[in-house]
Amino acid sequence: MNIDEIFDFTSFTIDREPHIVLDTKVCIGCDNRGCTNACPARCYTWSETEQKMTFVYDGCLECGTCYVVCHRDAFTRWHYPRGGFGVAYRMT
Amino acid sequence: MTRSFQVIVVGAGPAGSSAALTMARAGLDVALVERGTFPGEKNMFGGILHRMTSIEEVFPEFWAEAPLERHIAKKGTTFMTGEASFHVQHETVSFDRTPYNGYTIFRPRFDRWLAQEAVKAGATLITRATVEDLVYQDGRIAGVTILGRTGRISAPVVVAADGVLSFMAKKAGLRRPSFDPGQMAVGVKALIDMPREMIDDRFGLVRDQGFANEFVGCTGGVRGGGFLYTNYDSLSVGLVFHLASLRTSGKTPYDLFNAFLEQPQVAKLVRGGRLQEYSAHVIPEGGYAMIPELVGNGILVAGDAAAFCNATGVNLEGINLASHTGILAGRTVVEAHERNDFTTKTLNRYKERLNFSWVMKDLKGFRNAPKMLHIDRIYNEYPDLVCSMMEHLYRIDGTPKTSIPKLILREVREKIGLGKTLSDILTAWRAL
Ligand SMILES: Cc1cc2nc3c(=O)[nH]c(=O)nc-3n(C[C@H](O)[C@H](O)[C@H](O)COP(=O)(O)OP(=O)(O)OC[C@H]3O[C@@H](n4cnc5c(N)ncnc54)[C@H](O)[C@@H]3O)c2cc1C
Ligand code: SF4
Ligand code: SF4
C-alpha cells in the first residue's frame, strides 16, 4: 500500500474551506512533531532545511490523531468538514 | 429556519441510532443529526460486532434482519516477529449457533440500517449536517446549530453521540478540553478484496462461518496490535497503535502496516487479495479512568463520546457498549419528557442506569487493563520470547536438547529478566 496513492483507494469530496487550520508558526518551536509521523494519511510534512511545516487537508481521513497528538494547541480551527464533504467510506 | 423536536441526537453511529430508536418507539419526536451523506459514511472500525443482547430485545432475529457479514465461529491469536509466528486458535460449535457471539460488518451498511430502523420508528434523520454548536437560552440547552447553515434545530434536550472526540461534550464542559495521548489509540485498516471460496479454503470456513485473528508483536515495538477478520468476500486487515507510543517512536502507521503485510506468514494470508479501501480512526482506550462527566443540564453523553470502549487485550468492545448506552440515554430522556424536566438532577438517572448495567461493571472490572497494555514488553520481547522458545523446541540440529523448564528460564533471563517477567505477570493478573 502506497500512501501517496491514497486517492486511488479512498474517496473524498474536498471542500474549498479547510476543516483544519494550522498555525504553522507554533510548529517551528515544537519539540516533538508527533503529527508528522502519527497522521495515517501523511497530511503533515516538516522540512528541516526550510524549518517549515506544510499541512494539506485533502486526504484527511478525519481520524482525530493530530487533534490528540498535538500538545501545543497549534490549531486555529479543528472541526469536522461541512455536511457532505470530506472522506466517504463505502465498505470499511 | 428553526425546526423543533422533543430531542436532538448528535451523530447517527450505533450509540445515536440506538438512542433515537428507543425514543422514537416511545413516541418522542426525535431529530437524528449526522454529518455524513448517509449514516456510516464516516465510520470505520476493526470489524467485529460483538453480540448485542439489548438490540436482540428490539430485533429478536437480529442475525436474520441486520446487514451482517460472517458470524465469528473461530478465533485466533498470533504472536509474531519479523520472521516467525506462533499461533493459537479456538473454535467451538456453540459459536456456530444462533444467537451468534459476533459478526463481521461494514459500517457504511450497518450504521445506515440501524439509523433507518430509527426512521421507521418515527425519528427524523437529518444527514449532511455537521453540528457546530449547542444553543443555550436562559442557561438551558435550547438546540443546536449546523455548520454552514443558518437557523437552528431546537429541542430542550440533546444526546451527544458524536463519537470519540465529542465536541458536544467539550462545548457542554463535560470533558476535559484536551486528550491524553496515553489514553488514545489509532487504528488503520485496509479492506482487501478476495474471492469467497479462497477465503473459505484458506481459513477453513464453511457456510457463513467467519474467522477473527489478533496479532501481537507486529507493530515494530510500538504499543498496539494487529487484526485480520473475514467478511464474505473481503478481509479487514489492520493495525492499532497507542498514540503516546506511536508519537515517540517516530514511526508511521502506513510503513508499519506495509511491514506487517509483508511479514512472510501474513503475506501468505493476504496473497491474491486486492486493496479496496484504506481508513483510520481514533479509539478511546483509557477505560474507566477516562470516562467524562456523563450528564449536564439538558445533555447526556453516550458511546465513544463518553469513552465507553473496553480494550481488554482479548477483545476490543465498542459498538455493543455504544448501542447499550445509547438505549439507556434514550430511556432516560423518555422519562425526563414525562416529567418535563431536563435538569441534571433528572437526567442523572442515566448514571444510575449505567452503574447498574454490565457496561460500567465491565469497565470497572477491567479498569487496570490500560495499565497492563502499557507494558511495552508485550509488543516486542514477549512475542519474540514465545517464537524463539518454540523454535528451540522444534529444532533438531544434532546438538543436545535443553530440558523445557531450563529452556524457559534461560530464555526469560536472556530476553527479559526474571524480576520484570514476574512483575508483568502480576500486572496482567490484576488487570484481567
Ligand atoms: C480501528 C478500530 C477498530 C475497532 N474495532 C472494534 C471492534 O472490532 N468491535 C467493536 O465493537 N468496536 C470496535 N471499535 C470501536 C467502535 O468503532 C466504537 O466504539 C463505536 O463506533 C462507537 O460508536 P458511537 O456511535 O459512539 O460513535 P461513532 O461510531 O464514532 O459515531 C459517531 C457518529 O457521529 C457523527 N458525528 C460526529 N460529530 C458530528 C457532528 N458534529 N455533527 C453531526 N454528526 C457528527 C459521525 O459522523 C458518526 O456517524 C473499533 C474502533 C476503531 C477505530
Ligand atoms: S505536534 Fe502540533 S505544534 Fe508540533 S508540529 Fe505538530 S501540529 Fe505543530
Ligand atoms: S485527522 Fe487524521 S488524517 Fe486528518 S490530518 Fe489529522 S491525523 Fe491526519
# chains A, B, ... in the order shown; residues from 1 in each chain; ligands from 1

call {"tool": "residues_near_ligand", "arguments": {"ligand": "ligand 1", "cutoff": "6 Å", "atoms": "only C-alpha atoms and all ligand atoms", "output": "VMD selection string"}}
result
chain B and resid 10 to 16 33 to 36 39 to 40 42 to 43 45 to 50 129 to 132 161 to 164 187 to 188 281 to 283 303 to 305 309 316 to 320 322

call {"tool": "closest_atom_pairs", "arguments": {"of": "chain A", "to": "ligand 2", "cutoff": "10 Å", "atoms": "only C-alpha atoms and all ligand atoms", "output": "tab-separated table"}}
result
residue	atom	partner	partner_atom_place_in_ligand_line	distance
A:Val21	CA	ligand 2	7 (S)	9.9
A:Leu22	CA	ligand 2	7 (S)	6.8
A:Asp23	CA	ligand 2	8 (Fe)	7.6
A:Thr24	CA	ligand 2	8 (Fe)	6.3
A:Lys25	CA	ligand 2	8 (Fe)	8.0
A:Val26	CA	ligand 2	3 (S)	5.3
A:Cys27	CA	ligand 2	8 (Fe)	3.5
A:Ile28	CA	ligand 2	5 (S)	7.0
A:Gly29	CA	ligand 2	3 (S)	7.6
A:Cys30	CA	ligand 2	4 (Fe)	4.6
A:Asp31	CA	ligand 2	4 (Fe)	6.8
A:Asn32	CA	ligand 2	4 (Fe)	5.9
A:Arg33	CA	ligand 2	5 (S)	3.8
A:Gly34	CA	ligand 2	1 (S)	5.0
A:Cys35	CA	ligand 2	6 (Fe)	4.4
A:Thr36	CA	ligand 2	6 (Fe)	6.4
A:Asn37	CA	ligand 2	6 (Fe)	9.3
A:Ala38	CA	ligand 2	6 (Fe)	9.5
A:Cys39	CA	ligand 2	6 (Fe)	9.7
A:Tyr44	CA	ligand 2	6 (Fe)	7.6
A:Thr45	CA	ligand 2	5 (S)	8.9
A:Trp46	CA	ligand 2	5 (S)	7.6
A:Lys52	CA	ligand 2	5 (S)	9.5
A:Met53	CA	ligand 2	5 (S)	7.1
A:Thr54	CA	ligand 2	5 (S)	9.6
A:Phe55	CA	ligand 2	7 (S)	8.8
A:Cys66	CA	ligand 2	7 (S)	6.9
A:Tyr67	CA	ligand 2	7 (S)	8.3
A:Val68	CA	ligand 2	1 (S)	9.2
A:Val69	CA	ligand 2	1 (S)	6.2
A:Cys70	CA	ligand 2	1 (S)	3.8
A:His71	CA	ligand 2	2 (Fe)	5.9
A:Arg72	CA	ligand 2	3 (S)	4.9
A:Asp73	CA	ligand 2	2 (Fe)	6.3
A:Ala74	CA	ligand 2	3 (S)	5.0
A:Phe75	CA	ligand 2	7 (S)	7.2

call {"tool": "write_last_selection", "arguments": {"atoms": "N, CA, C and O atoms", "output": "compact mmCIF listing (two decimals), in the first residue's frame"}}
result
# COMPACT_ATOMS: atom_id res chain seq x y z
N VAL A 21 -7.30 24.13 10.33
CA VAL A 21 -6.37 25.22 10.01
C VAL A 21 -5.27 25.22 11.06
O VAL A 21 -5.53 25.26 12.26
N LEU A 22 -4.05 25.13 10.55
CA LEU A 22 -2.89 25.00 11.43
C LEU A 22 -2.13 26.31 11.46
O LEU A 22 -1.85 26.90 10.42
N ASP A 23 -1.79 26.76 12.66
CA ASP A 23 -0.93 27.94 12.79
C ASP A 23 0.51 27.42 12.76
O ASP A 23 1.07 27.02 13.79
N THR A 24 1.09 27.40 11.55
CA THR A 24 2.39 26.72 11.38
C THR A 24 3.53 27.40 12.15
O THR A 24 4.57 26.79 12.34
N LYS A 25 3.30 28.62 12.60
CA LYS A 25 4.33 29.29 13.42
C LYS A 25 4.55 28.52 14.73
O LYS A 25 5.67 28.42 15.21
N VAL A 26 3.45 27.97 15.24
CA VAL A 26 3.55 27.22 16.50
C VAL A 26 4.44 25.98 16.32
O VAL A 26 5.12 25.54 17.25
N CYS A 27 4.44 25.44 15.10
CA CYS A 27 5.18 24.20 14.84
C CYS A 27 6.69 24.41 14.82
O CYS A 27 7.45 23.46 15.01
N ILE A 28 7.12 25.65 14.56
CA ILE A 28 8.55 25.90 14.39
C ILE A 28 9.32 25.52 15.66
O ILE A 28 10.34 24.86 15.60
N GLY A 29 8.78 25.88 16.79
CA GLY A 29 9.48 25.57 18.04
C GLY A 29 9.06 24.25 18.66
O GLY A 29 9.41 23.98 19.81
N CYS A 30 8.32 23.44 17.93
CA CYS A 30 7.79 22.21 18.53
C CYS A 30 8.91 21.21 18.79
O CYS A 30 9.77 20.99 17.95
N ASP A 31 8.85 20.59 19.97
CA ASP A 31 9.92 19.66 20.34
C ASP A 31 9.61 18.22 19.96
O ASP A 31 10.38 17.33 20.25
N ASN A 32 8.50 17.98 19.29
CA ASN A 32 8.25 16.56 19.01
C ASN A 32 7.60 16.26 17.66
O ASN A 32 7.89 15.26 17.05
N ARG A 33 6.75 17.11 17.17
CA ARG A 33 6.16 16.97 15.82
C ARG A 33 5.57 15.58 15.60
O ARG A 33 5.74 14.96 14.55
N GLY A 34 4.87 15.11 16.61
CA GLY A 34 4.24 13.79 16.52
C GLY A 34 3.25 13.70 15.37
O GLY A 34 3.02 12.62 14.83
N CYS A 35 2.67 14.82 14.99
CA CYS A 35 1.70 14.83 13.89
C CYS A 35 2.31 14.30 12.60
O CYS A 35 1.65 13.63 11.82
N THR A 36 3.60 14.60 12.37
CA THR A 36 4.21 14.25 11.08
C THR A 36 4.31 12.74 10.89
O THR A 36 4.16 12.26 9.79
N ASN A 37 4.57 12.02 11.97
CA ASN A 37 4.65 10.57 11.79
C ASN A 37 3.35 9.86 12.17
O ASN A 37 3.05 8.81 11.63
N ALA A 38 2.56 10.45 13.06
CA ALA A 38 1.38 9.72 13.53
C ALA A 38 0.19 9.83 12.57
O ALA A 38 -0.65 8.95 12.52
N CYS A 39 0.10 10.89 11.81
CA CYS A 39 -1.04 11.05 10.88
C CYS A 39 -1.05 9.91 9.88
O CYS A 39 -0.11 9.74 9.12
N TYR A 44 0.89 15.98 7.27
CA TYR A 44 1.84 16.94 7.84
C TYR A 44 3.25 16.62 7.37
O TYR A 44 3.70 15.49 7.48
N THR A 45 3.94 17.63 6.81
CA THR A 45 5.33 17.42 6.41
C THR A 45 6.19 18.54 6.96
O THR A 45 5.89 19.72 6.76
N TRP A 46 7.23 18.17 7.66
CA TRP A 46 8.16 19.16 8.22
C TRP A 46 9.41 19.19 7.36
O TRP A 46 9.99 18.15 7.06
N LYS A 52 10.09 24.55 8.10
CA LYS A 52 8.73 24.92 7.75
C LYS A 52 7.80 23.71 7.78
O LYS A 52 8.16 22.62 7.34
N MET A 53 6.60 23.92 8.29
CA MET A 53 5.60 22.87 8.34
C MET A 53 4.61 23.07 7.19
O MET A 53 4.12 24.17 6.97
N THR A 54 4.34 21.99 6.45
CA THR A 54 3.30 22.07 5.42
C THR A 54 2.17 21.13 5.82
O THR A 54 2.42 19.98 6.19
N PHE A 55 0.95 21.63 5.74
CA PHE A 55 -0.20 20.81 6.06
C PHE A 55 -1.19 20.83 4.90
O PHE A 55 -1.54 21.90 4.40
N CYS A 66 -4.24 13.83 14.92
CA CYS A 66 -3.48 15.07 15.12
C CYS A 66 -4.08 15.90 16.26
O CYS A 66 -3.36 16.52 17.04
N TYR A 67 -5.39 15.87 16.36
CA TYR A 67 -6.08 16.62 17.43
C TYR A 67 -5.62 16.12 18.80
O TYR A 67 -5.48 16.89 19.73
N VAL A 68 -5.40 14.81 18.90
CA VAL A 68 -5.00 14.22 20.18
C VAL A 68 -3.50 14.39 20.42
O VAL A 68 -3.06 14.66 21.53
N VAL A 69 -2.72 14.25 19.36
CA VAL A 69 -1.27 14.20 19.49
C VAL A 69 -0.63 15.57 19.70
O VAL A 69 0.36 15.70 20.41
N CYS A 70 -1.18 16.61 19.10
CA CYS A 70 -0.58 17.93 19.22
C CYS A 70 -0.73 18.43 20.66
O CYS A 70 -1.82 18.53 21.18
N HIS A 71 0.38 18.74 21.28
CA HIS A 71 0.37 19.16 22.68
C HIS A 71 0.55 20.67 22.80
O HIS A 71 0.73 21.20 23.87
N ARG A 72 0.55 21.37 21.63
CA ARG A 72 0.79 22.81 21.68
C ARG A 72 -0.40 23.61 21.20
O ARG A 72 -0.30 24.81 20.98
N ASP A 73 -1.50 22.91 20.97
CA ASP A 73 -2.72 23.60 20.60
C ASP A 73 -2.50 24.47 19.35
O ASP A 73 -2.83 25.65 19.32
N ALA A 74 -1.92 23.86 18.32
CA ALA A 74 -1.50 24.63 17.14
C ALA A 74 -2.64 24.90 16.17
O ALA A 74 -2.44 25.53 15.13
N PHE A 75 -3.84 24.43 16.49
CA PHE A 75 -4.94 24.57 15.52
C PHE A 75 -5.76 25.83 15.76
O PHE A 75 -6.25 26.04 16.86

call {"tool": "closest_atom_pairs", "arguments": {"of": "chain A", "to": "chain B", "cutoff": "12 Å", "atoms": "only C-alpha atoms", "output": "CSV"}}
result
residue,atom,partner,partner_atom,distance
A:Met1,CA,B:Asn258,CA,6.4
A:Asn2,CA,B:Tyr254,CA,8.0
A:Ile3,CA,B:Tyr254,CA,6.8
A:Asp4,CA,B:Tyr254,CA,10.4
A:Glu5,CA,B:Tyr278,CA,10.4
A:Ile6,CA,B:Tyr278,CA,7.5
A:Phe7,CA,B:Tyr278,CA,9.6
A:Asp8,CA,B:Glu277,CA,8.8
A:Phe9,CA,B:Glu277,CA,5.0
A:Thr10,CA,B:Glu277,CA,5.3
A:Ser11,CA,B:Glu277,CA,8.5
A:Phe12,CA,B:Lys42,CA,10.7
A:Thr13,CA,B:Thr37,CA,10.7
A:Asp15,CA,B:Gly148,CA,11.7
A:Glu17,CA,B:Gly148,CA,10.5
A:His19,CA,B:Leu147,CA,10.7
A:Asp31,CA,B:Thr248,CA,10.9
A:Asn32,CA,B:Thr248,CA,7.7
A:Arg33,CA,B:Arg247,CA,8.1
A:Gly34,CA,B:Arg247,CA,4.7
A:Cys35,CA,B:Arg247,CA,7.5
A:Thr36,CA,B:Thr252,CA,8.3
A:Asn37,CA,B:Thr252,CA,4.8
A:Ala38,CA,B:Thr252,CA,5.6
A:Cys39,CA,B:Thr252,CA,7.5
A:Pro40,CA,B:Pro253,CA,5.6
A:Ala41,CA,B:Tyr254,CA,8.1
A:Arg42,CA,B:Thr252,CA,8.5
A:Cys43,CA,B:Thr252,CA,11.8
A:Tyr44,CA,B:Thr252,CA,11.6
A:Gly59,CA,B:Ser279,CA,10.7
A:Cys60,CA,B:Ala280,CA,9.6
A:Leu61,CA,B:Ala280,CA,6.3
A:Glu62,CA,B:His281,CA,7.3
A:Cys63,CA,B:His281,CA,4.0
A:Gly64,CA,B:Val282,CA,5.8
A:Thr65,CA,B:Val282,CA,6.2
A:Cys66,CA,B:Leu243,CA,9.8
A:Tyr67,CA,B:Phe179,CA,8.3
A:Val68,CA,B:Phe179,CA,5.6
A:Val69,CA,B:Pro181,CA,6.0
A:Cys70,CA,B:Pro181,CA,9.0
A:His71,CA,B:Ser178,CA,8.6
A:Arg72,CA,B:Ser178,CA,10.4
A:Asp73,CA,B:Ser178,CA,8.9
A:Trp78,CA,B:Phe167,CA,10.0
A:His79,CA,B:Glu132,CA,8.3
A:Tyr80,CA,B:Thr130,CA,7.2
A:Pro81,CA,B:Thr130,CA,7.3
A:Arg82,CA,B:Thr130,CA,5.7
A:Gly83,CA,B:Arg128,CA,3.6
A:Gly84,CA,B:Arg128,CA,4.7
A:Phe85,CA,B:Gly36,CA,7.8
A:Gly86,CA,B:Lys42,CA,8.7
A:Val87,CA,B:Lys42,CA,6.7
A:Ala88,CA,B:Glu41,CA,5.3
A:Tyr89,CA,B:Glu41,CA,5.1
A:Arg90,CA,B:Pro108,CA,6.0
A:Met91,CA,B:Phe106,CA,5.5
A:Thr92,CA,B:Phe106,CA,5.3

call {"tool": "select_by_dssp", "arguments": {"residues": "chain A", "states": "helix (DSSP H, G or I)", "output": "ChimeraX atom specification"}}
result
/A:3-9,24-28,34-38,65-69

call {"tool": "select_by_dssp", "arguments": {"residues": "chain A", "states": "strand (DSSP E)", "output": "PyMOL selection string"}}
result
chain A and resi 11-13+20-22+44-47+52-55+75-78+86-88

call {"tool": "atom_distance", "arguments": {"atom1": "atom CA of Val270 of chain B", "atom2": "atom CA of Asn315 of chain B"}}
result
22.3 Å

call {"tool": "atom_distance", "arguments": {"atom1": "atom CA of Gly296 of chain B", "atom2": "atom CA of Ala336 of chain B"}}
result
13.2 Å

call {"tool": "atom_distance", "arguments": {"atom1": "atom CA of Arg349 of chain B", "atom2": "atom CA of Gly122 of chain B"}}
result
24.7 Å

call {"tool": "closest_residue", "arguments": {"among": "A:Ser47, A:Arg16, A:Val56, A:Arg77", "to": "ligand 3", "atoms": "only C-alpha atoms and all ligand atoms"}}
result
A:Val56

call {"tool": "residues_around", "arguments": {"residues": "segment 216-230 of chain B", "least_positions_apart": "3", "cutoff": "8 Å", "atoms": "only C-alpha atoms", "output": "ChimeraX atom specification"}}
result
/B:46-48,70,77-82,104,199,210-213,233-242,245-246,249,256-257,260,373-374,376,378-380,382-384

call {"tool": "write_last_selection", "arguments": {"atoms": "N, CA and C atoms", "output": "short mmCIF file (atom, residue, chain, number, x, y, z; two decimals), in the first residue's frame"}}
result
data_model
loop_
_atom_site.label_atom_id
_atom_site.label_comp_id
_atom_site.auth_asym_id
_atom_site.auth_seq_id
_atom_site.Cartn_x
_atom_site.Cartn_y
_atom_site.Cartn_z
N GLY B 46 -12.57 -1.96 13.40
CA GLY B 46 -11.82 -3.15 13.03
C GLY B 46 -12.69 -4.12 12.28
N GLY B 47 -13.79 -4.45 12.94
CA GLY B 47 -14.70 -5.27 12.19
C GLY B 47 -15.52 -6.29 12.93
N ILE B 48 -15.42 -6.41 14.26
CA ILE B 48 -16.27 -7.39 14.93
C ILE B 48 -17.39 -6.70 15.70
N ARG B 70 -20.05 -12.41 7.99
CA ARG B 70 -19.96 -13.75 8.58
C ARG B 70 -20.09 -13.70 10.10
N THR B 77 -5.10 -16.14 17.91
CA THR B 77 -4.14 -15.12 18.33
C THR B 77 -2.77 -15.55 17.82
N THR B 78 -2.05 -14.63 17.25
CA THR B 78 -0.74 -14.92 16.72
C THR B 78 0.30 -14.03 17.38
N PHE B 79 1.33 -14.66 17.95
CA PHE B 79 2.48 -13.91 18.47
C PHE B 79 3.53 -13.94 17.37
N MET B 80 4.03 -12.78 17.00
CA MET B 80 4.95 -12.83 15.87
C MET B 80 6.14 -11.90 15.97
N THR B 81 7.14 -12.23 15.18
CA THR B 81 8.30 -11.37 15.00
C THR B 81 8.39 -11.13 13.48
N GLY B 82 9.45 -10.49 13.04
CA GLY B 82 9.59 -10.24 11.61
C GLY B 82 9.69 -11.52 10.80
N THR B 104 -18.76 -10.12 11.52
CA THR B 104 -18.07 -9.03 10.83
C THR B 104 -19.15 -8.19 10.15
N ILE B 199 -11.30 -17.44 0.52
CA ILE B 199 -11.35 -17.18 1.97
C ILE B 199 -11.76 -18.45 2.72
N GLY B 210 -17.11 -17.32 10.07
CA GLY B 210 -16.06 -16.32 9.94
C GLY B 210 -14.93 -16.57 10.91
N PHE B 211 -13.80 -15.94 10.64
CA PHE B 211 -12.59 -16.12 11.43
C PHE B 211 -12.09 -14.75 11.86
N ALA B 212 -11.70 -14.65 13.13
CA ALA B 212 -11.16 -13.39 13.64
C ALA B 212 -9.81 -13.66 14.26
N ASN B 213 -8.79 -13.01 13.80
CA ASN B 213 -7.46 -13.23 14.34
C ASN B 213 -6.83 -11.93 14.83
N ASP B 233 -16.59 -11.70 1.10
CA ASP B 233 -15.60 -11.77 0.03
C ASP B 233 -14.56 -10.65 0.13
N SER B 234 -14.14 -10.42 1.36
CA SER B 234 -13.03 -9.49 1.60
C SER B 234 -12.48 -9.74 3.00
N LEU B 235 -11.27 -9.23 3.21
CA LEU B 235 -10.65 -9.30 4.54
C LEU B 235 -10.53 -7.89 5.09
N SER B 236 -10.77 -7.75 6.40
CA SER B 236 -10.48 -6.49 7.08
C SER B 236 -9.17 -6.70 7.82
N VAL B 237 -8.14 -5.99 7.40
CA VAL B 237 -6.82 -6.18 8.00
C VAL B 237 -6.31 -4.84 8.49
N GLY B 238 -5.79 -4.80 9.70
CA GLY B 238 -5.32 -3.51 10.19
C GLY B 238 -4.42 -3.60 11.40
N LEU B 239 -3.94 -2.44 11.80
CA LEU B 239 -3.10 -2.31 13.00
C LEU B 239 -3.67 -1.22 13.88
N VAL B 240 -3.47 -1.38 15.18
CA VAL B 240 -3.89 -0.36 16.15
C VAL B 240 -2.64 0.05 16.94
N PHE B 241 -2.45 1.35 17.13
CA PHE B 241 -1.29 1.85 17.87
C PHE B 241 -1.74 2.78 18.99
N HIS B 242 -1.11 2.63 20.16
CA HIS B 242 -1.35 3.62 21.21
C HIS B 242 -0.65 4.91 20.81
N SER B 245 2.76 6.15 22.40
CA SER B 245 3.87 5.31 21.98
C SER B 245 4.21 5.54 20.50
N LEU B 246 3.18 5.68 19.66
CA LEU B 246 3.42 5.94 18.24
C LEU B 246 4.14 7.27 18.06
N SER B 249 7.76 7.05 18.90
CA SER B 249 8.52 6.09 18.09
C SER B 249 9.06 6.73 16.82
N LEU B 256 4.54 0.86 9.06
CA LEU B 256 4.41 -0.32 9.91
C LEU B 256 3.38 -1.29 9.33
N PHE B 257 2.34 -0.74 8.74
CA PHE B 257 1.30 -1.56 8.14
C PHE B 257 1.85 -2.34 6.95
N PHE B 260 3.92 -5.12 8.15
CA PHE B 260 3.04 -6.19 8.65
C PHE B 260 2.53 -7.04 7.48
N LEU B 373 -1.75 -2.92 29.35
CA LEU B 373 -1.46 -2.71 27.93
C LEU B 373 -0.34 -1.67 27.73
N HIS B 374 0.07 -1.02 28.83
CA HIS B 374 1.20 -0.09 28.72
C HIS B 374 2.54 -0.76 29.00
N ASP B 376 5.45 -2.20 27.70
CA ASP B 376 6.00 -2.21 26.35
C ASP B 376 6.50 -3.58 25.91
N ILE B 378 5.19 -6.39 26.05
CA ILE B 378 4.18 -7.23 25.40
C ILE B 378 4.32 -7.18 23.89
N TYR B 379 4.78 -6.04 23.38
CA TYR B 379 4.71 -5.80 21.94
C TYR B 379 5.97 -6.19 21.20
N ASN B 380 7.01 -6.55 21.93
CA ASN B 380 8.25 -6.93 21.28
C ASN B 380 8.87 -8.15 21.95
N TYR B 382 7.99 -10.22 24.50
CA TYR B 382 7.25 -11.47 24.75
C TYR B 382 6.94 -12.26 23.47
N PRO B 383 6.46 -11.61 22.41
CA PRO B 383 6.27 -12.38 21.18
C PRO B 383 7.57 -13.02 20.69
N ASP B 384 8.66 -12.28 20.86
CA ASP B 384 9.97 -12.79 20.46
C ASP B 384 10.33 -14.00 21.32
#

call {"tool": "residues_around", "arguments": {"residues": "segment 264-267 of chain B", "least_positions_apart": "5", "cutoff": "9 Å", "atoms": "only C-alpha atoms", "output": "VMD selection string"}}
result
chain B and resid 82 to 85

call {"tool": "write_last_selection", "arguments": {"atoms": "all heavy atoms", "output": "CSV table (one decimal), in the first residue's frame"}}
result
chain,number,residue,atom,x,y,z
B,82,GLY,N,9.5,-10.5,13.0
B,82,GLY,CA,9.6,-10.2,11.6
B,82,GLY,C,9.7,-11.5,10.8
B,82,GLY,O,9.4,-11.5,9.6
B,83,GLU,N,10.1,-12.6,11.5
B,83,GLU,CA,10.4,-13.9,10.7
B,83,GLU,C,9.5,-15.0,11.1
B,83,GLU,O,9.2,-15.9,10.3
B,83,GLU,CB,11.8,-14.4,11.1
B,83,GLU,CG,12.9,-13.5,10.6
B,83,GLU,CD,14.1,-14.4,10.2
B,83,GLU,OE1,14.3,-15.4,11.0
B,83,GLU,OE2,14.8,-14.2,9.2
B,84,ALA,N,9.1,-15.0,12.4
B,84,ALA,CA,8.4,-16.2,12.9
B,84,ALA,C,7.0,-15.9,13.5
B,84,ALA,O,6.7,-14.7,13.7
B,84,ALA,CB,9.3,-16.8,14.0
B,85,SER,N,6.2,-16.9,13.7
B,85,SER,CA,5.0,-16.7,14.4
B,85,SER,C,4.5,-17.9,15.1
B,85,SER,O,4.9,-19.0,14.7
B,85,SER,CB,3.9,-16.3,13.3
B,85,SER,OG,3.8,-17.3,12.4

call {"tool": "residues_around", "arguments": {"residues": "Gln6 of chain B", "least_positions_apart": "3", "cutoff": "7 Å", "atoms": "only C-alpha atoms", "output": "ChimeraX atom specification"}}
result
/B:28-30,155-156
